[in-house]
$ cat query.txt   # compact mmCIF, C-alpha atoms
# COMPACT_ATOMS: atom_id res chain seq x y z
CA MET A 1 -33.97 -0.62 8.80
CA SER A 2 -30.29 -0.24 9.67
CA ASP A 3 -29.29 -0.67 13.30
CA PRO A 4 -27.69 2.63 14.33
CA LYS A 5 -25.42 0.66 16.66
CA ASN A 6 -23.71 -0.96 13.65
CA THR A 7 -23.86 1.88 11.12
CA PHE A 8 -21.65 4.74 10.01
CA THR A 9 -22.22 7.22 7.20
CA LEU A 10 -20.05 7.35 4.09
CA ASP A 11 -20.55 10.57 2.15
CA GLY A 12 -23.96 10.84 3.79
CA GLN A 13 -25.02 7.26 3.01
CA PRO A 14 -25.57 4.76 5.84
CA VAL A 15 -23.21 1.78 5.80
CA GLU A 16 -23.75 -1.25 8.02
CA PHE A 17 -20.75 -3.07 9.40
CA GLU A 18 -19.89 -6.15 11.41
CA ALA A 19 -17.72 -6.17 14.50
CA GLY A 20 -14.05 -6.12 13.50
CA GLN A 21 -14.60 -4.78 10.00
CA THR A 22 -12.57 -1.86 8.73
CA ILE A 23 -14.16 1.10 7.02
CA MET A 24 -12.79 -0.17 3.69
CA ASN A 25 -14.20 -3.67 3.96
CA ALA A 26 -17.56 -2.48 5.25
CA ALA A 27 -17.83 0.07 2.44
CA LEU A 28 -16.93 -2.44 -0.28
CA ALA A 29 -19.31 -5.01 1.17
CA ALA A 30 -22.08 -2.40 0.96
CA GLY A 31 -21.23 -1.60 -2.68
CA HIS A 32 -19.28 1.63 -2.09
CA TYR A 33 -15.91 1.81 -3.83
CA ILE A 34 -13.03 3.54 -2.06
CA PRO A 35 -9.93 3.84 -4.29
CA HIS A 36 -7.03 1.68 -3.11
CA LEU A 37 -3.89 -0.08 -4.33
CA CYS A 38 -2.19 -1.91 -1.45
CA HIS A 39 -5.43 -3.35 -0.03
CA HIS A 40 -6.77 -6.81 -0.83
CA ARG A 41 -9.59 -8.47 1.07
CA GLU A 42 -7.68 -11.79 1.28
CA PHE A 43 -4.81 -10.33 3.29
CA GLN A 44 -4.12 -8.29 6.39
CA PRO A 45 -4.22 -4.55 5.63
CA HIS A 46 -0.90 -2.80 5.19
CA GLY A 47 -1.85 0.88 4.93
CA SER A 48 1.17 1.81 2.84
CA CYS A 49 -0.18 3.49 -0.31
CA LYS A 50 -2.58 5.91 1.44
CA VAL A 51 -4.77 6.09 -1.67
CA CYS A 52 -7.70 4.91 0.46
CA THR A 53 -7.41 7.86 2.88
CA VAL A 54 -10.76 9.15 4.10
CA ARG A 55 -11.85 11.75 6.64
CA VAL A 56 -13.32 10.19 9.79
CA ASN A 57 -15.03 12.65 12.11
CA GLY A 58 -12.77 15.37 10.78
CA TRP A 59 -9.51 13.39 10.91
CA LEU A 60 -7.70 11.86 7.93
CA SER A 61 -7.14 8.12 8.18
CA ALA A 62 -6.42 5.10 5.96
CA SER A 63 -9.75 3.34 5.53
CA CYS A 64 -8.11 -0.07 5.07
CA THR A 65 -6.71 -0.06 8.60
CA THR A 66 -9.28 2.05 10.48
CA PRO A 67 -11.96 0.03 12.30
CA ALA A 68 -15.54 0.93 11.50
CA SER A 69 -17.30 2.57 14.42
CA ALA A 70 -20.93 3.31 15.10
CA GLY A 71 -22.04 6.82 14.25
CA ALA A 72 -18.81 7.79 12.53
CA LYS A 73 -19.04 10.37 9.77
CA VAL A 74 -16.77 9.26 6.93
CA GLU A 75 -15.97 11.38 3.88
CA SER A 76 -14.39 9.82 0.79
CA ASP A 77 -15.53 11.85 -2.21
CA ALA A 78 -14.62 15.30 -0.87
CA PRO A 79 -12.69 17.34 -3.48
CA ASP A 80 -9.62 17.80 -1.26
CA ILE A 81 -9.42 14.06 -0.56
CA GLN A 82 -9.72 13.22 -4.25
CA ASP A 83 -7.03 15.80 -5.04
CA ALA A 84 -4.71 14.20 -2.48
CA ARG A 85 -5.32 10.74 -3.95
CA ARG A 86 -4.64 12.04 -7.43
CA ARG A 87 -1.31 13.50 -6.28
CA ILE A 88 -0.33 10.19 -4.63
CA VAL A 89 -1.01 8.31 -7.86
CA GLN A 90 0.89 10.95 -9.83
CA MET A 91 3.88 10.37 -7.55
CA LEU A 92 3.69 6.62 -8.15
CA PHE A 93 3.82 7.25 -11.89
CA ILE A 94 6.79 9.62 -11.78
CA GLU A 95 8.76 7.44 -9.35
CA GLY A 96 8.58 4.41 -11.66
CA ASN A 97 8.45 3.65 -15.35
CA HIS A 98 4.81 3.15 -16.27
CA PHE A 99 4.40 3.40 -20.04
CA CYS A 100 0.73 2.47 -20.33
CA PRO A 101 0.27 2.58 -24.14
CA PHE A 102 2.64 -0.32 -24.70
CA CYS A 103 2.76 -2.00 -21.28
CA VAL A 104 1.76 -5.67 -21.37
CA LYS A 105 -0.48 -5.06 -18.32
CA SER A 106 -2.36 -2.13 -19.91
CA GLY A 107 -6.10 -2.60 -19.52
CA ASN A 108 -5.56 -5.09 -16.70
CA CYS A 109 -3.55 -2.76 -14.46
CA GLN A 110 -5.08 -1.54 -11.21
CA LEU A 111 -2.75 1.46 -11.00
CA GLN A 112 -3.82 2.57 -14.46
CA ALA A 113 -7.50 2.01 -13.64
CA VAL A 114 -7.29 4.00 -10.39
CA ALA A 115 -5.63 6.85 -12.30
CA TYR A 116 -8.50 6.87 -14.78
CA HIS A 117 -11.03 6.76 -11.92
CA LEU A 118 -9.40 9.79 -10.27
CA GLY A 119 -9.29 11.73 -13.52
CA MET A 120 -5.49 11.86 -13.63
CA GLU A 121 -4.74 13.19 -17.10
CA ASP A 122 -1.02 13.86 -16.58
CA THR A 123 1.57 13.85 -13.83
CA SER A 124 2.44 17.61 -14.01
CA LEU A 125 5.76 16.71 -12.39
CA PRO A 126 9.14 15.73 -13.86
CA HIS A 127 9.63 11.98 -14.15
CA ARG A 128 12.55 10.32 -12.38
CA PHE A 129 12.95 7.54 -14.99
CA PRO A 130 14.66 5.12 -12.58
CA SER A 131 16.78 2.22 -13.70
CA ARG A 132 16.13 -0.61 -11.27
CA ALA A 133 17.30 -4.18 -11.58
CA MET A 134 15.02 -6.44 -13.63
CA ASP A 135 14.99 -10.15 -12.83
CA ALA A 136 14.23 -12.35 -15.83
CA SER A 137 16.28 -15.28 -14.52
CA HIS A 138 13.30 -17.57 -13.88
CA PRO A 139 11.91 -19.63 -16.79
CA GLU A 140 8.28 -18.72 -16.00
CA VAL A 141 8.20 -15.40 -14.10
CA VAL A 142 9.75 -11.97 -14.59
CA LEU A 143 10.15 -9.21 -12.00
CA ASP A 144 10.26 -5.64 -13.35
CA ARG A 145 11.04 -3.37 -10.41
CA ASP A 146 10.55 -0.25 -12.53
CA ARG A 147 6.81 -0.98 -12.40
CA CYS A 148 6.72 -1.92 -8.70
CA ILE A 149 4.84 0.46 -6.37
CA ASN A 150 5.94 -1.25 -3.13
CA CYS A 151 2.39 -2.18 -2.19
CA SER A 152 3.64 -5.38 -0.45
CA LEU A 153 0.77 -7.45 -1.85
CA CYS A 154 3.18 -10.02 -3.27
CA VAL A 155 4.97 -10.10 0.10
CA ARG A 156 1.76 -10.90 1.94
CA ALA A 157 0.42 -13.28 -0.71
CA SER A 158 3.65 -15.28 -0.91
CA ARG A 159 3.75 -15.59 2.86
CA ASP A 160 0.07 -16.07 3.69
CA ALA A 161 -1.39 -17.75 0.59
CA ASP A 162 1.51 -19.51 -1.12
CA GLY A 163 3.38 -20.39 2.07
CA LYS A 164 6.72 -19.54 0.44
CA ASP A 165 7.76 -16.16 1.88
CA LEU A 166 9.66 -15.25 -1.29
CA PHE A 167 9.51 -11.44 -1.20
CA GLY A 168 10.30 -8.54 1.07
CA LEU A 169 10.78 -4.77 1.00
CA SER A 170 14.21 -3.32 1.70
CA GLY A 171 15.32 0.29 2.14
CA ARG A 172 13.46 3.45 3.07
CA GLY A 173 11.58 6.15 1.19
CA ILE A 174 12.48 6.56 -2.46
CA ASP A 175 15.12 3.83 -2.05
CA THR A 176 12.65 1.12 -1.03
CA ARG A 177 12.93 -1.91 -3.30
CA LEU A 178 11.29 -5.30 -3.63
CA VAL A 179 13.81 -8.03 -2.82
CA VAL A 180 13.75 -11.77 -3.48
CA ASN A 181 14.37 -14.20 -0.65
CA SER A 182 16.97 -16.50 -2.18
CA PRO A 183 20.74 -17.00 -1.71
CA THR A 184 21.45 -15.01 -4.88
CA GLY A 185 18.51 -12.64 -4.66
CA LEU A 186 17.25 -13.98 -8.00
CA LEU A 187 13.94 -15.62 -8.87
CA LYS A 188 15.68 -18.56 -10.53
CA ASP A 189 16.84 -19.74 -7.12
CA THR A 190 13.35 -19.82 -5.62
CA ASN A 191 10.42 -22.20 -5.93
CA ILE A 192 8.09 -19.57 -7.36
CA GLU A 193 5.55 -20.83 -9.89
CA ALA A 194 3.45 -19.08 -12.52
CA THR A 195 0.30 -20.05 -10.60
CA ASP A 196 1.38 -18.42 -7.31
CA ARG A 197 -1.09 -16.00 -5.75
CA ALA A 198 1.75 -13.51 -5.31
CA ILE A 199 1.86 -12.98 -9.06
CA GLN A 200 -1.90 -12.84 -9.50
CA VAL A 201 -2.45 -10.06 -6.94
CA CYS A 202 0.24 -7.70 -8.29
CA PRO A 203 -1.69 -4.50 -9.17
CA THR A 204 0.82 -3.44 -11.84
CA GLY A 205 3.11 -5.12 -14.36
CA ALA A 206 5.87 -5.71 -11.82
CA LEU A 207 5.32 -9.47 -11.63
CA LEU A 208 4.37 -11.16 -14.88
CA VAL A 209 4.17 -14.65 -16.29
CA LYS A 210 6.43 -15.02 -19.30
CA ARG A 211 5.08 -15.65 -22.81
CA ARG A 212 1.57 -14.44 -21.97
CA GLY A 213 1.79 -10.85 -23.15
CA TYR A 214 -1.03 -9.20 -25.08
CA GLU A 215 -3.23 -12.31 -24.92
CA GLN A 216 -6.37 -10.17 -24.67
CA PRO A 217 -7.09 -7.73 -27.50
CA ILE A 218 -8.14 -4.15 -26.81
CA GLY A 219 -11.80 -4.16 -25.83
CA GLU A 220 -11.62 -7.46 -23.95
CA ARG A 221 -9.21 -6.54 -21.18
CA ARG A 222 -10.18 -6.36 -17.52
CA PHE A 223 -11.03 -2.67 -17.33
CA ASP A 224 -12.17 -2.19 -20.94
CA ALA A 225 -15.73 -3.31 -20.27
CA GLN A 226 -16.17 -1.62 -16.91
CA THR A 227 -14.39 0.87 -14.70
CA ILE A 228 -12.58 -0.20 -11.56
CA GLU A 229 -15.31 1.03 -9.22
CA CYS A 230 -17.93 -1.03 -11.08
CA GLU A 231 -15.76 -4.13 -10.90
CA PHE A 232 -15.13 -3.87 -7.18
CA GLU A 233 -18.74 -3.03 -6.41
CA SER A 234 -19.87 -6.16 -8.27
CA LYS A 235 -17.45 -8.43 -6.37
CA TYR A 236 -18.52 -7.64 -2.83
$ encode --input "query.txt" --output "structure tokens"
Amino acid sequence: MSDPKNTFTLDGQPVEFEAGQTIMNAALAAGHYIPHLCHHREFQPHGSCKVCTVRVNGWLSASCTTPASAGAKVESDAPDIQDARRRIVQMLFIEGNHFCPFCVKSGNCQLQAVAYHLGMEDTSLPHRFPSRAMDASHPEVVLDRDRCINCSLCVRASRDADGKDLFGLSGRGIDTRLVVNSPTGLLKDTNIEATDRAIQVCPTGALLVKRRGYEQPIGERRFDAQTIECEFESKY
């Protein structure tokens, strides 16, 4: 039986947690998927995308940064919360250039999979169609800022896992951009490698390894066999 001292409820279901765990990590560990994009269990939470927002005792909060607390009543699947998440994802699509049918990351893209999970059928808003600088200067890696959602996962992974500190975010609001930490601001003048964790954790097609496009046929891609919630529930 669950110890009420270390339990909160998520959509009416009891979830046990350990001291120091966030609502997100406790929920995922218990097999409950909360949609997210900027969160990764290997790195410190950032709380930037707000897709993981839940209602905790009546107050909205990012589940990736909110500590789990005993007796808390957490709502994740409420219609208004799902509507808000869907609108956030819609905004990410219209603020960038995400052409899923012919994107090399299609089927392996977390942004695309979250959109499917939330039932996002269209954006219902005019697209901005930005033209941001692409960096194809490196022989192994390409950076397509039009697909970047500023989740900062590559920033944290490069710093904390790769030990290289190659990326950063510059600007504010709609003008925020991913920047490269090199004298020229180009990937060719860094020591990035195709095996870097920073590339592997990118949830979109913003960071890609060259000459590896369309390696997996339709039906064998990451989210073809199972939805994103099933994949995350099986990993924790």
$ residues_around --input "query.txt" --residues "Glu18 of chain A" --least-positions-apart "3" --cutoff "12 Å" --atoms "only C-alpha atoms" --output "list in words"
Asp3, Lys5, Asn6, Thr7, Phe8, Val15, Gln21, Thr22, Ile23, Asn25, Ala26, Ala27, Ala29, Ala30, Pro67, Ala68, Ser69 and Ala70 of chain A
$ residues_around --input "query.txt" --residues "segment 142-152 of chain A" --least-positions-apart "4" --cutoff "7 Å" --atoms "all atoms listed in the file" --output "ChimeraX atom specification"
/A:37-38,48-49,92,96-98,130-136,138,156,178,204-210
$ closest_residue --input "query.txt" --among "A:Lys73, A:Arg197, A:Arg87, A:His39" --to "Gln110 of chain A" --atoms "only C-alpha atoms"
A:His39
$ atom_distance --input "query.txt" --atom1 "atom CA of Val114 of chain A" --atom2 "atom CA of Arg172 of chain A"
24.7 Å
$ atom_distance --input "query.txt" --atom1 "atom CA of Thr65 of chain A" --atom2 "atom CA of Ile88 of chain A"
17.9 Å
$ residues_around --input "query.txt" --residues "segment 179-190 of chain A" --least-positions-apart "4" --cutoff "6 Å" --atoms "all atoms listed in the file" --output "mmCIF file with C-alpha atoms, in the frame of the given file"
data_model
loop_
_atom_site.group_PDB
_atom_site.id
_atom_site.type_symbol
_atom_site.label_atom_id
_atom_site.label_comp_id
_atom_site.auth_asym_id
_atom_site.auth_seq_id
_atom_site.Cartn_x
_atom_site.Cartn_y
_atom_site.Cartn_z
ATOM 1 C CA SER A 137 16.280 -15.280 -14.520
ATOM 2 C CA HIS A 138 13.300 -17.570 -13.880
ATOM 3 C CA LEU A 166 9.660 -15.250 -1.290
ATOM 4 C CA PHE A 167 9.510 -11.440 -1.200
ATOM 5 C CA GLY A 168 10.300 -8.540 1.070
ATOM 6 C CA LEU A 169 10.780 -4.770 1.000
#
$ residues_around --input "query.txt" --residues "Gly163 of chain A" --least-positions-apart "4" --cutoff "12 Å" --atoms "only C-alpha atoms" --output "PDB file with C-alpha atoms, in the coordinates of the input"
ATOM      1  CA  CYS A 154       3.180 -10.020  -3.270  1.00  0.00           C
ATOM      2  CA  VAL A 155       4.970 -10.100   0.100  1.00  0.00           C
ATOM      3  CA  ARG A 156       1.760 -10.900   1.940  1.00  0.00           C
ATOM      4  CA  ALA A 157       0.420 -13.280  -0.710  1.00  0.00           C
ATOM      5  CA  SER A 158       3.650 -15.280  -0.910  1.00  0.00           C
ATOM      6  CA  ARG A 159       3.750 -15.590   2.860  1.00  0.00           C
ATOM      7  CA  PHE A 167       9.510 -11.440  -1.200  1.00  0.00           C
ATOM      8  CA  ASN A 191      10.420 -22.200  -5.930  1.00  0.00           C
ATOM      9  CA  ILE A 192       8.090 -19.570  -7.360  1.00  0.00           C
ATOM     10  CA  ASP A 196       1.380 -18.420  -7.310  1.00  0.00           C
ATOM     11  CA  ARG A 197      -1.090 -16.000  -5.750  1.00  0.00           C
ATOM     12  CA  ALA A 198       1.750 -13.510  -5.310  1.00  0.00           C
TER      13      ALA A 198
END
$ residues_around --input "query.txt" --residues "Ser76 of chain A" --least-positions-apart "3" --cutoff "12 Å" --atoms "only C-alpha atoms" --output "CSV table (one decimal) with C-alpha atoms, keeping the file's coordinate frame"
chain,number,residue,atom,x,y,z
A,9,THR,CA,-22.2,7.2,7.2
A,10,LEU,CA,-20.0,7.4,4.1
A,11,ASP,CA,-20.6,10.6,2.2
A,12,GLY,CA,-24.0,10.8,3.8
A,13,GLN,CA,-25.0,7.3,3.0
A,23,ILE,CA,-14.2,1.1,7.0
A,24,MET,CA,-12.8,-0.2,3.7
A,27,ALA,CA,-17.8,0.1,2.4
A,32,HIS,CA,-19.3,1.6,-2.1
A,33,TYR,CA,-15.9,1.8,-3.8
A,34,ILE,CA,-13.0,3.5,-2.1
A,35,PRO,CA,-9.9,3.8,-4.3
A,36,HIS,CA,-7.0,1.7,-3.1
A,51,VAL,CA,-4.8,6.1,-1.7
A,52,CYS,CA,-7.7,4.9,0.5
A,53,THR,CA,-7.4,7.9,2.9
A,54,VAL,CA,-10.8,9.2,4.1
A,55,ARG,CA,-11.8,11.8,6.6
A,56,VAL,CA,-13.3,10.2,9.8
A,57,ASN,CA,-15.0,12.6,12.1
A,58,GLY,CA,-12.8,15.4,10.8
A,59,TRP,CA,-9.5,13.4,10.9
A,60,LEU,CA,-7.7,11.9,7.9
A,61,SER,CA,-7.1,8.1,8.2
A,62,ALA,CA,-6.4,5.1,6.0
A,63,SER,CA,-9.8,3.3,5.5
A,73,LYS,CA,-19.0,10.4,9.8
A,79,PRO,CA,-12.7,17.3,-3.5
A,80,ASP,CA,-9.6,17.8,-1.3
A,81,ILE,CA,-9.4,14.1,-0.6
A,82,GLN,CA,-9.7,13.2,-4.2
A,83,ASP,CA,-7.0,15.8,-5.0
A,84,ALA,CA,-4.7,14.2,-2.5
A,85,ARG,CA,-5.3,10.7,-4.0
$ atom_distance --input "query.txt" --atom1 "atom CA of Leu28 of chain A" --atom2 "atom CA of Val74 of chain A"
13.7 Å
$ axis_aligned_box --input "query.txt" --around "segment 89-100 of chain A" --padding-each-side "4 Å" --output "lines of an AutoDock Vina configuration file"
center_x = 3.9
center_y = 6.7
center_z = -13.9
size_x = 17.8
size_y = 16.5
size_z = 20.8
$ build_atoms --input "query.txt" --residues "segment 43-66 of chain A" --atoms "N, CA and C atoms" --output "PDB file, in the coordinates of the input"
ATOM      1  N   PHE A  43      -6.006 -10.464   2.459  1.00  0.00           N
ATOM      2  CA  PHE A  43      -4.810 -10.330   3.290  1.00  0.00           C
ATOM      3  C   PHE A  43      -4.957  -9.219   4.326  1.00  0.00           C
ATOM      4  N   GLN A  44      -4.118  -9.312   5.354  1.00  0.00           N
ATOM      5  CA  GLN A  44      -4.120  -8.290   6.390  1.00  0.00           C
ATOM      6  C   GLN A  44      -3.791  -6.936   5.776  1.00  0.00           C
ATOM      7  N   PRO A  45      -4.487  -5.879   6.196  1.00  0.00           N
ATOM      8  CA  PRO A  45      -4.220  -4.550   5.630  1.00  0.00           C
ATOM      9  C   PRO A  45      -2.814  -4.080   5.962  1.00  0.00           C
ATOM     10  N   HIS A  46      -2.273  -3.280   5.046  1.00  0.00           N
ATOM     11  CA  HIS A  46      -0.900  -2.800   5.190  1.00  0.00           C
ATOM     12  C   HIS A  46      -0.851  -1.289   5.392  1.00  0.00           C
ATOM     13  N   GLY A  47      -1.761  -0.571   4.733  1.00  0.00           N
ATOM     14  CA  GLY A  47      -1.850   0.880   4.930  1.00  0.00           C
ATOM     15  C   GLY A  47      -0.697   1.664   4.379  1.00  0.00           C
ATOM     16  N   SER A  48      -0.047   1.149   3.323  1.00  0.00           N
ATOM     17  CA  SER A  48       1.170   1.810   2.840  1.00  0.00           C
ATOM     18  C   SER A  48       0.920   2.830   1.748  1.00  0.00           C
ATOM     19  N   CYS A  49      -0.053   2.601   0.859  1.00  0.00           N
ATOM     20  CA  CYS A  49      -0.180   3.490  -0.310  1.00  0.00           C
ATOM     21  C   CYS A  49      -0.922   4.783   0.009  1.00  0.00           C
ATOM     22  N   LYS A  50      -1.798   4.751   0.988  1.00  0.00           N
ATOM     23  CA  LYS A  50      -2.580   5.910   1.440  1.00  0.00           C
ATOM     24  C   LYS A  50      -3.589   6.427   0.398  1.00  0.00           C
ATOM     25  N   VAL A  51      -3.767   5.690  -0.685  1.00  0.00           N
ATOM     26  CA  VAL A  51      -4.770   6.090  -1.670  1.00  0.00           C
ATOM     27  C   VAL A  51      -6.178   5.993  -1.079  1.00  0.00           C
ATOM     28  N   CYS A  52      -6.367   5.115  -0.125  1.00  0.00           N
ATOM     29  CA  CYS A  52      -7.700   4.910   0.460  1.00  0.00           C
ATOM     30  C   CYS A  52      -8.008   5.874   1.604  1.00  0.00           C
ATOM     31  N   THR A  53      -7.197   6.909   1.785  1.00  0.00           N
ATOM     32  CA  THR A  53      -7.410   7.860   2.880  1.00  0.00           C
ATOM     33  C   THR A  53      -8.792   8.485   2.827  1.00  0.00           C
ATOM     34  N   VAL A  54      -9.447   8.512   3.959  1.00  0.00           N
ATOM     35  CA  VAL A  54     -10.760   9.150   4.100  1.00  0.00           C
ATOM     36  C   VAL A  54     -10.700  10.090   5.310  1.00  0.00           C
ATOM     37  N   ARG A  55     -11.747  10.882   5.462  1.00  0.00           N
ATOM     38  CA  ARG A  55     -11.850  11.750   6.640  1.00  0.00           C
ATOM     39  C   ARG A  55     -12.880  11.133   7.581  1.00  0.00           C
ATOM     40  N   VAL A  56     -12.449  10.818   8.797  1.00  0.00           N
ATOM     41  CA  VAL A  56     -13.320  10.190   9.790  1.00  0.00           C
ATOM     42  C   VAL A  56     -13.513  11.165  10.947  1.00  0.00           C
ATOM     43  N   ASN A  57     -14.734  11.678  11.055  1.00  0.00           N
ATOM     44  CA  ASN A  57     -15.030  12.650  12.110  1.00  0.00           C
ATOM     45  C   ASN A  57     -14.034  13.808  12.120  1.00  0.00           C
ATOM     46  N   GLY A  58     -13.649  14.218  10.913  1.00  0.00           N
ATOM     47  CA  GLY A  58     -12.770  15.370  10.780  1.00  0.00           C
ATOM     48  C   GLY A  58     -11.290  15.055  10.705  1.00  0.00           C
ATOM     49  N   TRP A  59     -10.919  13.779  10.912  1.00  0.00           N
ATOM     50  CA  TRP A  59      -9.510  13.390  10.910  1.00  0.00           C
ATOM     51  C   TRP A  59      -9.213  12.473   9.735  1.00  0.00           C
ATOM     52  N   LEU A  60      -8.079  12.694   9.053  1.00  0.00           N
ATOM     53  CA  LEU A  60      -7.700  11.860   7.930  1.00  0.00           C
ATOM     54  C   LEU A  60      -7.136  10.533   8.421  1.00  0.00           C
ATOM     55  N   SER A  61      -7.548   9.448   7.742  1.00  0.00           N
ATOM     56  CA  SER A  61      -7.140   8.120   8.180  1.00  0.00           C
ATOM     57  C   SER A  61      -7.231   7.148   7.013  1.00  0.00           C
ATOM     58  N   ALA A  62      -6.372   6.142   6.994  1.00  0.00           N
ATOM     59  CA  ALA A  62      -6.420   5.100   5.960  1.00  0.00           C
ATOM     60  C   ALA A  62      -7.609   4.192   6.236  1.00  0.00           C
ATOM     61  N   SER A  63      -8.526   4.113   5.296  1.00  0.00           N
ATOM     62  CA  SER A  63      -9.750   3.340   5.530  1.00  0.00           C
ATOM     63  C   SER A  63      -9.508   1.844   5.599  1.00  0.00           C
ATOM     64  N   CYS A  64      -8.372   1.369   5.056  1.00  0.00           N
ATOM     65  CA  CYS A  64      -8.110  -0.070   5.070  1.00  0.00           C
ATOM     66  C   CYS A  64      -7.648  -0.572   6.427  1.00  0.00           C
ATOM     67  N   THR A  65      -7.177   0.339   7.275  1.00  0.00           N
ATOM     68  CA  THR A  65      -6.710  -0.060   8.600  1.00  0.00           C
ATOM     69  C   THR A  65      -7.559   0.496   9.739  1.00  0.00           C
ATOM     70  N   THR A  66      -8.472   1.407   9.442  1.00  0.00           N
ATOM     71  CA  THR A  66      -9.280   2.050  10.480  1.00  0.00           C
ATOM     72  C   THR A  66     -10.544   1.242  10.753  1.00  0.00           C
TER      73      THR A  66
END
